[in-house]
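Written below as structure tokens is the structure these notes are about.
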Amino acid sequence: MSAAPSRAGSDLGADYIVVGAGSSGAALAARLSEDPNVEVLLLEAGGPDSALPLHVPAAFSKLFRGEYDWNYDTVPQPALENRTIYWPRGKTLGGSSSLNAMMWIRGFAADYDDWADAAGERWSWDGLVPYFQRVERTQDAMDPTQGTDGAQAVEHQRDPRPHTAAFLEAAAEAGHAVTPPNLPEGQGFSQTMVSQHRGARASTADSYLRPARRRRNLRVLTGAFVRRVTFDHSTASAADDLPRATGVYVEIDGITRHALARREVILAGGAVNTPQLLMLSGIGPADHLAQHGIPVIVDSPEVGANLQDHLVAGLAPAAHGGTLYGAERVAELARYLTARKGMLTSNVGEAYGFVRTEVADRAGMADALPDIEIIFASVPYVGEGLIATPAEGVTVGAILLRPHSRGTIRLRSADPADKPEIDPRYLSDPGGLDEATMLAGLAECERLVATDALRAVTTSGWVQPEGGEDMTPGERAELSLRRYSHTLYHPVGTARMGSDAASVVDPELRVRGVRGLRVADASIIPTLIRGHTNAPAIVVGEVAADLVRGR
């Protein structure tokens, strides 16, 4: 185990310490600070979110591998040609809500009812609707469950590409329903609603923190890297014999200080960093902690387990002009800066839709819910977003909505600065359902590409897979899955909540085996939703604030 932090002082403190200023943490800290009688300390490892690219929607992939990114990679994935898969995670105020594609897709009511099966009715769809309404400020709301005066702007795209309309025409041509977005059930294909305000990104730093930072009882520290949670065993009572979280060791400007929490420590670092911090603090699988010389406070085997993520594989036919290929022209930047219009307002994933493949029926899944999301981008999204757009083209991709495969987050060492080992184990389920579902989803992508509506705006060539015009649809699908698939950036489940004793946190998000410590981020989500995870992550922060306040 690494040596105890040096030069530690105890000059930092608050009633509540929140670790991580991302989608959940920013919402949580802002809500807690509404009570003027408490002090809240929000610690964020990254820097401020003042750089222009953080606010220009189409620029998000330019942030990858940069200073605002934790810049993770998985271990090699055997089912994906032994590739390591790049995992960006936001490292700034707003967290991944400052780095994501801004797609506001809440999922289906049934997804949250699955949460209720694991952790009680508070987490059901009916239980969470008031929180979605509290979060959302939806432009032209189409459903009574959608919020209209919440903190988070959810708006129509300002200037979608014409190819996006062609894609929705293709969906109708292929027999799919085109519906309003974010319906609790019966969702079809839709143009994406985005977490933007007047053409600029609206992260949780914008929506929650900026208004809240006027309060004197909220202190936000950036460049504050938390090394571990501290505990006091002397406070354990005869009744529960549980150690109490007292604060965190946090490194600021190269100096490690002891920040003290008078009431609670709440971890909101996300599905990668939260289990890492729990294990560094002595809460995790005892045998794994022992390998790294970390004293065990709680033997909790499921910390870092149950990792789920959305895998996406895309087909990218070449297209006629008007795609986002020209988004970096000087004229587009000028149009954005003067009018908040043009290509740079695009969130890239401008449309999407849900389908149920024959694999779900063959597997005997009793519900009628989709197992694939189709995503559309008016640009060839290739090279995991890490390379320049090579040509005019579009992307039609398949997303595995409810993977059967489960992965892990593990420590590489007891050094907090070492990146954790991320192994999502894509396509590893013994029954092979994940692979079969993805191939069926890619077959649906081929069917959409072949419609008259999309053929009118595309050409006979392929950007990805390269040389695809000389392949069969099956060959294109297989190559796209093995060689080009990547994360859709939605990891969850690594500190899952539940009513069972094996869960990492209980239904009130309290870490089992200790007192004064909670988790409030996507790591507590027990099963991955059929949607995108920014919206529910913010909701988790809102629910956590009520739980902490005893509401």
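In the structure tokens, the first chain shown is A, the next is B, and so on; residue numbers restart at 1 for each chain, and ligands run from 1 in the order shown.
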Excluding Thr459 in chain A and its own-chain neighbours fewer than 2 positions away, which residues fall within 9 Å of it when counting only C-alpha atoms? Please give them as a PDB file with C-alpha atoms, in the first residue's frame.
ATOM      1  CA  PRO A 317     -22.016   5.283 -46.360  1.00  0.00           C
ATOM      2  CA  ALA A 318     -20.578   8.159 -48.348  1.00  0.00           C
ATOM      3  CA  ALA A 319     -22.997  11.032 -48.902  1.00  0.00           C
ATOM      4  CA  HIS A 320     -23.625  14.108 -50.965  1.00  0.00           C
ATOM      5  CA  GLY A 393     -20.863  10.776 -45.279  1.00  0.00           C
ATOM      6  CA  ARG A 455     -30.230   6.499 -51.128  1.00  0.00           C
ATOM      7  CA  ALA A 456     -31.291   9.938 -52.337  1.00  0.00           C
ATOM      8  CA  VAL A 457     -28.675  11.617 -50.101  1.00  0.00           C
ATOM      9  CA  GLY A 461     -19.344   4.289 -51.783  1.00  0.00           C
ATOM     10  CA  TRP A 462     -18.541   3.575 -48.150  1.00  0.00           C
TER      11      TRP A 462
END
Contacts of range 127-142 of chain A within 6 Å, only C-alpha atoms, excl. fewer than 2 positions in-chain, as a PyMOL selection string: chain A and resi 122-125+146-155
Best match for closeness to Asp114 in chain A among A:Gln464, A:Thr527, A:Thr437, A:Ser23, counting only C-alpha atoms: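 Checking each candidate against Asp114 in chain A, we get A:Thr527 as the closest.
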Residues of range 274-314 of chain A in strand (DSSP E or B), written as number ranges by chain: A: 283-284, 298-299, 307-308, 311-314
Compile a residue-level contact table for range 502-532 of chain A against range 281-292 of chain A at a cut-off of 10 Å, reporting for every qualifying residue the shortest atom pair and its distance in Å to one decimal, with only C-alpha atoms counted, rows ordered by chain and ascending number, as a tab-separated table.
residue	atom	partner	partner_atom	distance
A:Val504	CA	A:Gly284	CA	8.8
A:Val511	CA	A:Ile283	CA	9.1
A:Arg512	CA	A:Ile283	CA	9.4
A:Gly513	CA	A:Ile283	CA	8.7
A:Val514	CA	A:Ile283	CA	9.2
All residues 8 Å or closer to Gly397 in chain A, only C-alpha atoms, same chain fewer than 5 positions away omitted, as a list in words: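 After dropping sequence-adjacent residues, the list is Val312, Ala313, Gly314, Leu315, Ile374, Ile375, Phe376, Leu442 and Cys445 of chain A.
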For Ile252 in chain A: contacts at 10 Å, only C-alpha atoms, fewer than 4 positions along chain excluded, given as a PyMOL selection string: chain A and resi 43+45+221-226+256-257
Members of range 176-297 of chain A assigned alpha helix (DSSP H) by DSSP, as a PyMOL selection string: chain A and resi 204+210-212+270-280+286-291
Generate a file of the selected residues that holds C-alpha atoms, formatted as a PDB file, in the first residue's frame.
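Output file out_20.pdb follows:
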ATOM      1  CA  THR A 204     -24.870  20.631 -15.197  1.00  0.00           C
ATOM      2  CA  ARG A 210     -23.566  28.587 -11.864  1.00  0.00           C
ATOM      3  CA  PRO A 211     -26.793  29.662 -10.134  1.00  0.00           C
ATOM      4  CA  ALA A 212     -25.844  27.859  -6.914  1.00  0.00           C
ATOM      5  CA  GLY A 270     -19.134   8.072 -11.859  1.00  0.00           C
ATOM      6  CA  ALA A 271     -19.064   4.399 -12.777  1.00  0.00           C
ATOM      7  CA  VAL A 272     -15.257   4.298 -13.126  1.00  0.00           C
ATOM      8  CA  ASN A 273     -13.918   6.632 -10.467  1.00  0.00           C
ATOM      9  CA  THR A 274     -16.386   5.846  -7.669  1.00  0.00           C
ATOM     10  CA  PRO A 275     -15.583   2.113  -7.403  1.00  0.00           C
ATOM     11  CA  GLN A 276     -11.892   2.964  -7.713  1.00  0.00           C
ATOM     12  CA  LEU A 277     -12.173   5.381  -4.780  1.00  0.00           C
ATOM     13  CA  LEU A 278     -14.191   2.923  -2.713  1.00  0.00           C
ATOM     14  CA  MET A 279     -11.523   0.256  -3.191  1.00  0.00           C
ATOM     15  CA  LEU A 280      -8.690   2.680  -2.439  1.00  0.00           C
ATOM     16  CA  ALA A 286     -11.274  -8.399   0.216  1.00  0.00           C
ATOM     17  CA  ASP A 287      -8.992 -10.610  -1.870  1.00  0.00           C
ATOM     18  CA  HIS A 288      -8.463  -7.877  -4.465  1.00  0.00           C
ATOM     19  CA  LEU A 289      -7.700  -5.255  -1.807  1.00  0.00           C
ATOM     20  CA  ALA A 290      -5.260  -7.642  -0.139  1.00  0.00           C
ATOM     21  CA  GLN A 291      -3.369  -8.043  -3.413  1.00  0.00           C
TER      22      GLN A 291
END
For Ile105 in chain A: contacts at 6 Å, only C-alpha atoms, fewer than 4 positions along chain excluded, given as a list in words: Asn182, Gly531 and His532 of chain A
Range 336-348 of chain A surroundings by only C-alpha atoms, 7 Å radius, close-in-sequence under 3 positions cut, as an NGL selection string: :A and (56-58 or 101-102 or 158-160 or 198-200 or 324 or 327 or 332-333 or 377-378)
Saved selection, atoms kept: N, CA and C atoms, as a tab-separated table (two decimals), in the first residue's frame:
chain	number	residue	atom	x	y	z
A	56	VAL	N	-19.21	24.63	-27.29
A	56	VAL	CA	-19.60	24.52	-28.69
A	56	VAL	C	-20.02	23.07	-28.95
A	57	PRO	N	-21.28	22.81	-29.24
A	57	PRO	CA	-21.77	21.43	-29.26
A	57	PRO	C	-20.99	20.48	-30.16
A	58	ALA	N	-20.76	20.84	-31.41
A	58	ALA	CA	-20.13	19.91	-32.34
A	58	ALA	C	-18.66	19.67	-32.05
A	101	ALA	N	-22.46	13.97	-26.03
A	101	ALA	CA	-23.12	14.37	-27.28
A	101	ALA	C	-24.50	14.99	-27.02
A	102	MET	N	-24.81	15.28	-25.78
A	102	MET	CA	-25.99	16.08	-25.42
A	102	MET	C	-27.32	15.44	-25.81
A	158	ARG	N	-31.05	23.49	-33.12
A	158	ARG	CA	-31.22	24.78	-33.79
A	158	ARG	C	-31.10	24.66	-35.31
A	159	ASP	N	-30.25	23.75	-35.77
A	159	ASP	CA	-29.94	23.75	-37.21
A	159	ASP	C	-29.55	22.35	-37.67
A	160	PRO	N	-30.47	21.38	-37.57
A	160	PRO	CA	-30.11	20.01	-37.97
A	160	PRO	C	-29.82	19.93	-39.47
A	198	ARG	N	-30.18	27.64	-26.55
A	198	ARG	CA	-29.92	28.57	-27.65
A	198	ARG	C	-28.65	28.20	-28.41
A	199	GLY	N	-28.52	26.92	-28.70
A	199	GLY	CA	-27.43	26.47	-29.55
A	199	GLY	C	-26.12	26.19	-28.86
A	200	ALA	N	-26.01	26.40	-27.57
A	200	ALA	CA	-24.79	26.10	-26.82
A	200	ALA	C	-25.05	24.95	-25.87
A	324	LEU	N	-21.85	17.25	-41.86
A	324	LEU	CA	-20.99	17.98	-40.94
A	324	LEU	C	-19.52	17.95	-41.34
A	327	ALA	N	-17.90	21.28	-41.01
A	327	ALA	CA	-18.20	22.03	-39.79
A	327	ALA	C	-17.05	22.90	-39.31
A	332	GLU	N	-18.37	28.67	-40.72
A	332	GLU	CA	-19.24	28.03	-39.74
A	332	GLU	C	-18.95	28.54	-38.33
A	333	LEU	N	-17.68	28.76	-38.01
A	333	LEU	CA	-17.35	29.30	-36.70
A	333	LEU	C	-17.92	30.70	-36.55
A	377	ALA	N	-26.05	9.89	-37.42
A	377	ALA	CA	-25.18	11.07	-37.40
A	377	ALA	C	-24.98	11.54	-38.83
A	378	SER	N	-25.07	12.84	-39.04
A	378	SER	CA	-24.87	13.41	-40.37
A	378	SER	C	-23.39	13.68	-40.61
For CA of Gly304 in chain A and CA of His233 in chain A, the interatomic separation in Å (one decimal): 24.3 Å
Among listed residues A:Arg214, A:Arg161, A:Arg227, A:His310, nearest Asp415 in chain A (using only C-alpha atoms):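 Checking each of A:Arg214, A:Arg161, A:Arg227, A:His310 against Asp415 in chain A, counting only C-alpha atoms, the winner is A:Arg227.
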